[in-house]
Amino acid sequence: MNEQRAQASLNPQDYLNFLMETLQKISENPNPQVIYPFWAQNLDKLDYNLAQILDSWARETLTKVNSKQAYSIAAVIFYFSESIQQFPLGDIAVNQEIAITGYEIALTIFTFDAFPQQWAMTQNSLAGAYSDRIKGDKAENLEKAITAYQEALKVLTFDAFPQQWAMIQNNLASAYLDRIRGQKADNLEIAIAACQEALKVYTFDAFPQQWANTQNNLAIAYLFRIRGERADNLERAIAAYNEALKVRTFDAFPQDCLQTARNLGNLHYNEEQWQPATEAYHIAIEAVENARLEALNPQSRQEVLSNAIDVFHRIVQTHLNLNQPEKALEYIERSKGRNLVELITQKNLHPQGVSQEIIAQLNELKQKVVNEQIRLQHQSINQNLIGSYILNPYVQDHSYLEEYQQDLDNFIAREIKDTLFSLTQKVEPIAFTEIQALTDAETCLLQWYITGEKILAFVVSAEGEVKVWQSSEDDKNQFLDTFNNYRQLYYSENDKKEWKNQLSNLLQNFADVLHINDILALIPNTCKRLIIIPHYFLHILPIHAFPINKNQILQDKYNIQYAPSCQILQKISQSFHHSDFNKLFAIQNPTKDLFYTDLEVNILSTFFTEPQVIAQDNATKNAVLPHLKSSDNHCYHFSCHGGFNPANPLQSALFLANKEPLTLGEIFELRLHKCRLVTLSACETSLIDLNSISDEYIGLPSGFLFAGSPSVVSSLWTVNDLSTSFLMIKLYEILFDENQQVSVPVALKTAQNWLQNLTIEELDKFLEQYQPQIDKHLAQLRPGQRLRYEQSLKQIKQRQPHPFISPYYWAGFIATGI
């Protein structure tokens, strides 16, 4: 609709003016980098109307000018077509149609007889446009491409123009590899012959890059070749891929290296040649990591990893086939949460032998770079959401990021003499010995991984080998069906009533399809603490509440804690040095519609010697942010609404007074130096970006982990207000119990068990314990609100004998971190 409105608001003269300005700029300087910013500001004019205006204007104009002028105009239109064909913004299909229109116009002047060389080069470019064309019939487009390449070869011969001849031979090979018409076997033979022709000119010494590109095409042709001996063809394909990788290295050409090494790995994988498959995939992963280093912002880095996630899936499976689960685990870690790992690493990196003042200045400069990276990522996501419908689009401006990075680099060069210190250093992946070091005699890791084919679960203990459970493909499909049903019920329009009623059954279904008892059989009997590293969809499921038999759930058997990845857990553990827990900063019911949170915060604040509470209308963004940025509290408790934004996770937020959002992007900017715990006593605060197939773990918990908290308690669903208040009060009561002295995950488990098994009599005792605070709270309420409280208690007491036994009331909260 927006696109139609934009086009309706433009008249033919607008297009013509834009075209004239474009052609004028190209005539002055045909460099695409000169014209691209201008086009980026005029994407609304890059549509099919422009192709028609170009065609009608050019054909009319070329009949009225002399031959010299006609040549000049055709040359400018040719460069225009070359540039628009490669332009990365707007509608790519439209750009291709405009380019084809331009090439066909140029060919009316660049004829075979008058300008044979220009005619041939235009035919080559036209062929390339038809090869890539999105519009029209694919088979017909490829026939037009092949015809145009063959036409070009009439002029660009081996003797007269060897370089151009070789280029077209390679292009022709690509077209025949893709050709739909004709016999497949014949097409592949022609592609092989064309590659071999091209290699007469494209030698390793003279044209290494083109030589490698041709070797890559030759490998593809031999891989799919129908004639000849299959074993011989595969050997030739392997040899050609390896030749290509001599030039397409992960350092020099990471994207090309990824393509070739991935293809080589897949060849070996499909032939069940596991060892050479791991070697090829390893090269591909090195290429992925180098390509990520070249990317300009976290969003681009995430896209690089997402586009290559199949390589990680395959190398993990290949190492399992070789009975090397330790190596498989290392590669899983290399594919999970990389942006967060890198950001935490850089944040915690400090030079040796410098003053605290220098470190403070360094941290400030580092934070500016991170903030700008996050801003660009947010902007990039919004740009992708808006797509081609935006009327006044922009090109991302990286000048501030470059400026802040330069300031940081200059400061380091000027002030820091520690030669080992480097912020731009590549973050080394975690080794298996470091993963195992996270365990001990009573602690095991349970690492999940979902690939395109199956679900994997790894059990790591301090002693002994890694145990692995692998699902069948049917199990994986059943899991996805169960998960989709879970989500559909959750988001149904009946106040989640059906989801709540079915939750226990759904958790049983998950436990069954994931064969949870088979996995538990792999865990040593000495294990008391289980660190769960979920993956992908599993991040938003309460694994700790999965039934393991008729009377027990998983956390009845183990103390459960969650972590986004082993390396993130390692980073958190290394950077946490504070044990004090007496300063509280709490946000209390800022939207004034959470009936029981005032009671919750009023009670839990009494446990702290230095509580600071900002309540209701006072909890504005202007009041809260300065406290968060400058405070040195040990605990931050947010008793408020929260929301996860799946379209743009950085816009996920906690809602303050007047529903002002404290966004994830802003949370990333905080530095909670002395924090031990962040509690998000709000709805859906544990949800993360499920569209991130690279498992970037982007959600509110990751923001607070990055900001400095070693532990985050958050929720997986829209929680019940009253039961949550009881759970939170009990959580802090346990944390402050000197007789227990337990970690946050154990305290949460204990509080959940208490709430789950709470009887009416025990509830009365609990309320009696806090009766003075309850009376004080009720006295401040209107009569109608006091009546609501009394009715809620009455309803609870009708749910005999355990009013909160449903997992809906207690299983939604998880403890992430240490």
# chains A, B, ... in the order shown; residues from 1 in each chain; ligands from 1
call {"tool": "residues_around", "arguments": {"residues": "A:Ala193", "least_positions_apart": "5", "cutoff": "10 Å", "atoms": "only C-alpha atoms", "output": "ChimeraX atom specification"}}
result
/A:169-170,173,187-188,198-199,218,221
call {"tool": "residues_around", "arguments": {"residues": "A:Tyr486", "least_positions_apart": "4", "cutoff": "8 Å", "atoms": "only C-alpha atoms", "output": "list in words"}}
result
Thr482, Tyr490, Trp499 and Leu506 of chain A
call {"tool": "residues_around", "arguments": {"residues": "A:Asp632", "least_positions_apart": "4", "cutoff": "8 Å", "atoms": "only C-alpha atoms", "output": "list in words"}}
result
Leu672, His673, Lys674 and Cys675 of chain A
call {"tool": "write_last_selection", "arguments": {"atoms": "N, CA, C and O atoms", "output": "tab-separated table (two decimals), in the first residue's frame"}}
result
chain	number	residue	atom	x	y	z
A	672	LEU	N	26.63	-2.17	35.79
A	672	LEU	CA	26.21	-2.50	37.15
A	672	LEU	C	27.39	-3.17	37.86
A	672	LEU	O	27.44	-4.38	38.04
A	673	HIS	N	28.33	-2.35	38.29
A	673	HIS	CA	29.64	-2.82	38.76
A	673	HIS	C	29.57	-3.82	39.92
A	673	HIS	O	30.32	-4.78	39.96
A	674	LYS	N	28.69	-3.54	40.88
A	674	LYS	CA	28.70	-4.34	42.11
A	674	LYS	C	27.48	-5.24	42.23
A	674	LYS	O	27.19	-5.76	43.31
A	675	CYS	N	26.82	-5.45	41.14
A	675	CYS	CA	25.57	-6.20	41.17
A	675	CYS	C	25.82	-7.69	41.39
A	675	CYS	O	26.73	-8.28	40.83
call {"tool": "closest_atom_pairs", "arguments": {"of": "stretch 671-762 of chain A", "to": "stretch 803-812 of chain A", "cutoff": "12 Å", "atoms": "only C-alpha atoms", "output": "JSON lines"}}
result
{"residue": "A:Leu680", "atom": "CA", "partner": "A:Gly812", "partner_atom": "CA", "distance": 11.7}
{"residue": "A:Ser681", "atom": "CA", "partner": "A:Gly812", "partner_atom": "CA", "distance": 10.6}
{"residue": "A:Ala682", "atom": "CA", "partner": "A:Gly812", "partner_atom": "CA", "distance": 10.5}
{"residue": "A:Cys683", "atom": "CA", "partner": "A:Gly812", "partner_atom": "CA", "distance": 9.2}
{"residue": "A:Glu684", "atom": "CA", "partner": "A:Gly812", "partner_atom": "CA", "distance": 8.7}
{"residue": "A:Thr685", "atom": "CA", "partner": "A:Gly812", "partner_atom": "CA", "distance": 10.0}
{"residue": "A:Ser686", "atom": "CA", "partner": "A:Gly812", "partner_atom": "CA", "distance": 9.0}
{"residue": "A:Leu687", "atom": "CA", "partner": "A:Gly812", "partner_atom": "CA", "distance": 10.8}
{"residue": "A:Val713", "atom": "CA", "partner": "A:Gly812", "partner_atom": "CA", "distance": 10.2}
{"residue": "A:Ser714", "atom": "CA", "partner": "A:Gly812", "partner_atom": "CA", "distance": 8.1}
{"residue": "A:Ser715", "atom": "CA", "partner": "A:Gly812", "partner_atom": "CA", "distance": 5.2}
{"residue": "A:Leu716", "atom": "CA", "partner": "A:Gly812", "partner_atom": "CA", "distance": 5.0}
{"residue": "A:Trp717", "atom": "CA", "partner": "A:Gly812", "partner_atom": "CA", "distance": 6.0}
{"residue": "A:Thr718", "atom": "CA", "partner": "A:Gly812", "partner_atom": "CA", "distance": 8.2}
{"residue": "A:Val719", "atom": "CA", "partner": "A:Tyr809", "partner_atom": "CA", "distance": 6.9}
{"residue": "A:Asn720", "atom": "CA", "partner": "A:Tyr809", "partner_atom": "CA", "distance": 6.4}
{"residue": "A:Asp721", "atom": "CA", "partner": "A:Tyr809", "partner_atom": "CA", "distance": 9.3}
{"residue": "A:Leu722", "atom": "CA", "partner": "A:Tyr809", "partner_atom": "CA", "distance": 9.2}
{"residue": "A:Ser723", "atom": "CA", "partner": "A:Tyr809", "partner_atom": "CA", "distance": 6.0}
{"residue": "A:Thr724", "atom": "CA", "partner": "A:Tyr809", "partner_atom": "CA", "distance": 7.3}
{"residue": "A:Ser725", "atom": "CA", "partner": "A:Tyr809", "partner_atom": "CA", "distance": 10.6}
{"residue": "A:Phe726", "atom": "CA", "partner": "A:Trp810", "partner_atom": "CA", "distance": 9.9}
{"residue": "A:Leu727", "atom": "CA", "partner": "A:Trp810", "partner_atom": "CA", "distance": 7.4}
{"residue": "A:Met728", "atom": "CA", "partner": "A:Trp810", "partner_atom": "CA", "distance": 10.3}
{"residue": "A:Lys730", "atom": "CA", "partner": "A:Trp810", "partner_atom": "CA", "distance": 11.8}
{"residue": "A:Leu731", "atom": "CA", "partner": "A:Trp810", "partner_atom": "CA", "distance": 11.6}
{"residue": "A:Leu748", "atom": "CA", "partner": "A:Trp810", "partner_atom": "CA", "distance": 9.7}
{"residue": "A:Lys749", "atom": "CA", "partner": "A:Ala811", "partner_atom": "CA", "distance": 9.3}
{"residue": "A:Thr750", "atom": "CA", "partner": "A:Trp810", "partner_atom": "CA", "distance": 10.9}
{"residue": "A:Ala751", "atom": "CA", "partner": "A:Trp810", "partner_atom": "CA", "distance": 8.6}
{"residue": "A:Gln752", "atom": "CA", "partner": "A:Trp810", "partner_atom": "CA", "distance": 5.5}
{"residue": "A:Asn753", "atom": "CA", "partner": "A:Trp810", "partner_atom": "CA", "distance": 8.2}
{"residue": "A:Trp754", "atom": "CA", "partner": "A:Trp810", "partner_atom": "CA", "distance": 9.4}
{"residue": "A:Leu755", "atom": "CA", "partner": "A:Phe804", "partner_atom": "CA", "distance": 6.2}
{"residue": "A:Gln756", "atom": "CA", "partner": "A:Ile805", "partner_atom": "CA", "distance": 4.5}
{"residue": "A:Asn757", "atom": "CA", "partner": "A:Ile805", "partner_atom": "CA", "distance": 6.2}
{"residue": "A:Leu758", "atom": "CA", "partner": "A:Phe804", "partner_atom": "CA", "distance": 6.9}
{"residue": "A:Thr759", "atom": "CA", "partner": "A:Pro803", "partner_atom": "CA", "distance": 7.0}
{"residue": "A:Ile760", "atom": "CA", "partner": "A:Pro803", "partner_atom": "CA", "distance": 7.3}
{"residue": "A:Glu761", "atom": "CA", "partner": "A:Pro803", "partner_atom": "CA", "distance": 10.9}
{"residue": "A:Glu762", "atom": "CA", "partner": "A:Pro803", "partner_atom": "CA", "distance": 10.9}
call {"tool": "closest_residue", "arguments": {"among": "A:Gln317, A:Asn213, A:Asn525, A:Asn371", "to": "A:Gln259", "atoms": "only C-alpha atoms"}}
result
A:Asn213
call {"tool": "select_by_dssp", "arguments": {"residues": "stretch 48-199 of chain A", "states": "alpha helix (DSSP H)", "output": "ChimeraX atom specification"}}
result
/A:48-62,67-86,92-109,116-132,138-152,162-178,184-198
call {"tool": "write_last_selection", "arguments": {"atoms": "C-alpha atoms", "output": "mmCIF file, in the first residue's frame"}}
result
data_model
loop_
_atom_site.group_PDB
_atom_site.id
_atom_site.type_symbol
_atom_site.label_atom_id
_atom_site.label_comp_id
_atom_site.auth_asym_id
_atom_site.auth_seq_id
_atom_site.Cartn_x
_atom_site.Cartn_y
_atom_site.Cartn_z
ATOM 1 C CA TYR A 48 9.380 -0.411 -13.347
ATOM 2 C CA ASN A 49 8.222 3.091 -14.296
ATOM 3 C CA LEU A 50 11.868 4.166 -14.457
ATOM 4 C CA ALA A 51 12.655 1.354 -16.906
ATOM 5 C CA GLN A 52 9.818 2.556 -19.158
ATOM 6 C CA ILE A 53 10.934 6.205 -18.919
ATOM 7 C CA LEU A 54 14.513 5.185 -19.714
ATOM 8 C CA ASP A 55 13.403 3.173 -22.738
ATOM 9 C CA SER A 56 11.099 5.847 -24.197
ATOM 10 C CA TRP A 57 13.500 8.752 -23.525
ATOM 11 C CA ALA A 58 16.544 6.953 -24.934
ATOM 12 C CA ARG A 59 14.886 5.683 -28.084
ATOM 13 C CA GLU A 60 13.439 9.112 -28.817
ATOM 14 C CA THR A 61 16.649 10.972 -28.010
ATOM 15 C CA LEU A 62 18.969 8.640 -29.944
ATOM 16 C CA SER A 67 26.470 9.446 -34.118
ATOM 17 C CA LYS A 68 29.114 10.838 -31.756
ATOM 18 C CA GLN A 69 26.483 12.022 -29.292
ATOM 19 C CA ALA A 70 24.630 8.735 -29.646
ATOM 20 C CA TYR A 71 27.813 6.835 -28.765
ATOM 21 C CA SER A 72 28.320 8.992 -25.657
ATOM 22 C CA ILE A 73 24.732 8.504 -24.504
ATOM 23 C CA ALA A 74 24.938 4.736 -25.084
ATOM 24 C CA ALA A 75 28.184 4.598 -23.086
ATOM 25 C CA VAL A 76 26.595 6.426 -20.146
ATOM 26 C CA ILE A 77 23.530 4.142 -20.275
ATOM 27 C CA PHE A 78 25.856 1.104 -20.313
ATOM 28 C CA TYR A 79 27.637 2.319 -17.153
ATOM 29 C CA PHE A 80 24.243 3.114 -15.612
ATOM 30 C CA SER A 81 23.132 -0.490 -16.266
ATOM 31 C CA GLU A 82 26.371 -1.918 -14.861
ATOM 32 C CA SER A 83 25.922 0.095 -11.660
ATOM 33 C CA ILE A 84 22.206 -0.564 -11.150
ATOM 34 C CA GLN A 85 22.767 -4.287 -11.727
ATOM 35 C CA GLN A 86 25.138 -4.360 -8.731
ATOM 36 C CA ILE A 92 16.803 -6.308 -6.705
ATOM 37 C CA ALA A 93 14.387 -7.720 -9.299
ATOM 38 C CA VAL A 94 13.480 -4.202 -10.421
ATOM 39 C CA ASN A 95 17.145 -3.175 -10.554
ATOM 40 C CA GLN A 96 17.818 -6.116 -12.881
ATOM 41 C CA GLU A 97 14.971 -5.104 -15.224
ATOM 42 C CA ILE A 98 16.267 -1.534 -15.404
ATOM 43 C CA ALA A 99 19.764 -2.894 -16.203
ATOM 44 C CA ILE A 100 18.439 -5.178 -18.963
ATOM 45 C CA THR A 101 16.509 -2.260 -20.471
ATOM 46 C CA GLY A 102 19.700 -0.181 -20.471
ATOM 47 C CA TYR A 103 21.850 -2.898 -22.071
ATOM 48 C CA GLU A 104 19.291 -3.459 -24.822
ATOM 49 C CA ILE A 105 19.225 0.290 -25.549
ATOM 50 C CA ALA A 106 23.044 0.394 -25.665
ATOM 51 C CA LEU A 107 23.047 -2.455 -28.194
ATOM 52 C CA THR A 108 21.039 -0.328 -30.628
ATOM 53 C CA ILE A 109 24.117 1.925 -30.896
ATOM 54 C CA PRO A 116 32.250 -4.753 -32.248
ATOM 55 C CA GLN A 117 34.241 -4.620 -28.984
ATOM 56 C CA GLN A 118 31.631 -2.531 -27.145
ATOM 57 C CA TRP A 119 28.891 -4.732 -28.626
ATOM 58 C CA ALA A 120 30.596 -7.852 -27.265
ATOM 59 C CA MET A 121 31.138 -6.431 -23.771
ATOM 60 C CA THR A 122 27.510 -5.299 -23.637
ATOM 61 C CA GLN A 123 26.400 -8.790 -24.706
ATOM 62 C CA ASN A 124 28.472 -10.222 -21.824
ATOM 63 C CA SER A 125 26.873 -7.843 -19.320
ATOM 64 C CA LEU A 126 23.394 -8.538 -20.712
ATOM 65 C CA ALA A 127 24.081 -12.264 -20.372
ATOM 66 C CA GLY A 128 25.079 -11.773 -16.725
ATOM 67 C CA ALA A 129 21.851 -9.876 -16.053
ATOM 68 C CA TYR A 130 19.759 -12.664 -17.634
ATOM 69 C CA SER A 131 21.672 -15.307 -15.641
ATOM 70 C CA ASP A 132 20.748 -13.587 -12.367
ATOM 71 C CA LYS A 138 14.210 -19.112 -15.324
ATOM 72 C CA ALA A 139 14.809 -21.558 -18.182
ATOM 73 C CA GLU A 140 14.145 -18.875 -20.812
ATOM 74 C CA ASN A 141 16.400 -16.381 -19.010
ATOM 75 C CA LEU A 142 19.292 -18.874 -19.019
ATOM 76 C CA GLU A 143 18.812 -19.531 -22.766
ATOM 77 C CA LYS A 144 19.015 -15.779 -23.413
ATOM 78 C CA ALA A 145 22.150 -15.585 -21.247
ATOM 79 C CA ILE A 146 23.854 -18.447 -23.112
ATOM 80 C CA THR A 147 22.969 -16.887 -26.491
ATOM 81 C CA ALA A 148 24.387 -13.522 -25.436
ATOM 82 C CA TYR A 149 27.635 -15.110 -24.157
ATOM 83 C CA GLN A 150 28.028 -16.998 -27.439
ATOM 84 C CA GLU A 151 27.437 -13.795 -29.362
ATOM 85 C CA ALA A 152 30.150 -12.032 -27.374
ATOM 86 C CA PRO A 162 42.394 -13.734 -24.362
ATOM 87 C CA GLN A 163 41.438 -12.316 -20.952
ATOM 88 C CA GLN A 164 37.888 -11.398 -21.947
ATOM 89 C CA TRP A 165 37.560 -14.705 -23.812
ATOM 90 C CA ALA A 166 38.511 -16.621 -20.667
ATOM 91 C CA MET A 167 36.091 -14.544 -18.557
ATOM 92 C CA ILE A 168 33.200 -15.401 -20.892
ATOM 93 C CA GLN A 169 34.170 -19.083 -20.977
ATOM 94 C CA ASN A 170 33.905 -19.142 -17.192
ATOM 95 C CA ASN A 171 30.598 -17.252 -17.283
ATOM 96 C CA LEU A 172 29.326 -19.669 -19.910
ATOM 97 C CA ALA A 173 30.310 -22.595 -17.677
ATOM 98 C CA SER A 174 28.224 -21.100 -14.838
ATOM 99 C CA ALA A 175 25.224 -20.717 -17.141
ATOM 100 C CA TYR A 176 25.465 -24.316 -18.371
ATOM 101 C CA LEU A 177 25.761 -25.554 -14.774
ATOM 102 C CA ASP A 178 22.407 -23.880 -14.055
ATOM 103 C CA LYS A 184 21.693 -32.423 -18.064
ATOM 104 C CA ALA A 185 24.616 -34.670 -19.043
ATOM 105 C CA ASP A 186 25.353 -32.570 -22.138
ATOM 106 C CA ASN A 187 25.144 -29.306 -20.199
ATOM 107 C CA LEU A 188 27.678 -30.547 -17.652
ATOM 108 C CA GLU A 189 30.103 -31.665 -20.371
ATOM 109 C CA ILE A 190 29.868 -28.218 -22.003
ATOM 110 C CA ALA A 191 30.473 -26.564 -18.584
ATOM 111 C CA ILE A 192 33.568 -28.724 -18.002
ATOM 112 C CA ALA A 193 34.912 -27.924 -21.469
ATOM 113 C CA ALA A 194 34.331 -24.187 -20.958
ATOM 114 C CA CYS A 195 36.185 -24.250 -17.613
ATOM 115 C CA GLN A 196 39.099 -26.081 -19.168
ATOM 116 C CA GLU A 197 39.193 -23.519 -21.980
ATOM 117 C CA ALA A 198 39.222 -20.655 -19.486
#
call {"tool": "decode", "arguments": {"residues": "stretch 254-268 of chain A", "atoms": "N, CA and C atoms", "output": "JSON list (two decimals), in the first residue's frame"}}
result
[["chain", "number", "residue", "atom", "x", "y", "z"],
["A", 254, "PRO", "N", 37.33, -14.45, 2.63],
["A", 254, "PRO", "CA", 36.54, -15.30, 3.53],
["A", 254, "PRO", "C", 35.21, -15.78, 2.94],
["A", 255, "GLN", "N", 34.49, -14.91, 2.22],
["A", 255, "GLN", "CA", 33.19, -15.34, 1.67],
["A", 255, "GLN", "C", 33.36, -16.41, 0.60],
["A", 256, "ASP", "N", 34.35, -16.22, -0.30],
["A", 256, "ASP", "CA", 34.62, -17.22, -1.34],
["A", 256, "ASP", "C", 35.12, -18.52, -0.70],
["A", 257, "CYS", "N", 35.95, -18.38, 0.30],
["A", 257, "CYS", "CA", 36.49, -19.55, 1.00],
["A", 257, "CYS", "C", 35.35, -20.34, 1.64],
["A", 258, "LEU", "N", 34.42, -19.65, 2.28],
["A", 258, "LEU", "CA", 33.27, -20.30, 2.89],
["A", 258, "LEU", "C", 32.50, -21.12, 1.86],
["A", 259, "GLN", "N", 32.23, -20.52, 0.71],
["A", 259, "GLN", "CA", 31.46, -21.21, -0.33],
["A", 259, "GLN", "C", 32.17, -22.50, -0.78],
["A", 260, "THR", "N", 33.47, -22.38, -1.09],
["A", 260, "THR", "CA", 34.21, -23.54, -1.60],
["A", 260, "THR", "C", 34.40, -24.60, -0.52],
["A", 261, "ALA", "N", 34.82, -24.18, 0.67],
["A", 261, "ALA", "CA", 35.08, -25.15, 1.74],
["A", 261, "ALA", "C", 33.79, -25.83, 2.19],
["A", 262, "ARG", "N", 32.68, -25.09, 2.22],
["A", 262, "ARG", "CA", 31.40, -25.70, 2.56],
["A", 262, "ARG", "C", 31.02, -26.76, 1.52],
["A", 263, "ASN", "N", 31.18, -26.44, 0.22],
["A", 263, "ASN", "CA", 30.86, -27.42, -0.83],
["A", 263, "ASN", "C", 31.74, -28.67, -0.73],
["A", 264, "LEU", "N", 33.02, -28.44, -0.44],
["A", 264, "LEU", "CA", 33.95, -29.56, -0.30],
["A", 264, "LEU", "C", 33.57, -30.41, 0.91],
["A", 265, "GLY", "N", 33.24, -29.75, 2.02],
["A", 265, "GLY", "CA", 32.82, -30.47, 3.21],
["A", 265, "GLY", "C", 31.56, -31.29, 2.95],
["A", 266, "ASN", "N", 30.59, -30.70, 2.26],
["A", 266, "ASN", "CA", 29.35, -31.41, 1.95],
["A", 266, "ASN", "C", 29.61, -32.63, 1.06],
["A", 267, "LEU", "N", 30.55, -32.48, 0.10],
["A", 267, "LEU", "CA", 30.90, -33.61, -0.76],
["A", 267, "LEU", "C", 31.41, -34.77, 0.10],
["A", 268, "HIS", "N", 32.38, -34.49, 0.96],
["A", 268, "HIS", "CA", 32.93, -35.54, 1.83],
["A", 268, "HIS", "C", 31.86, -36.10, 2.77]]
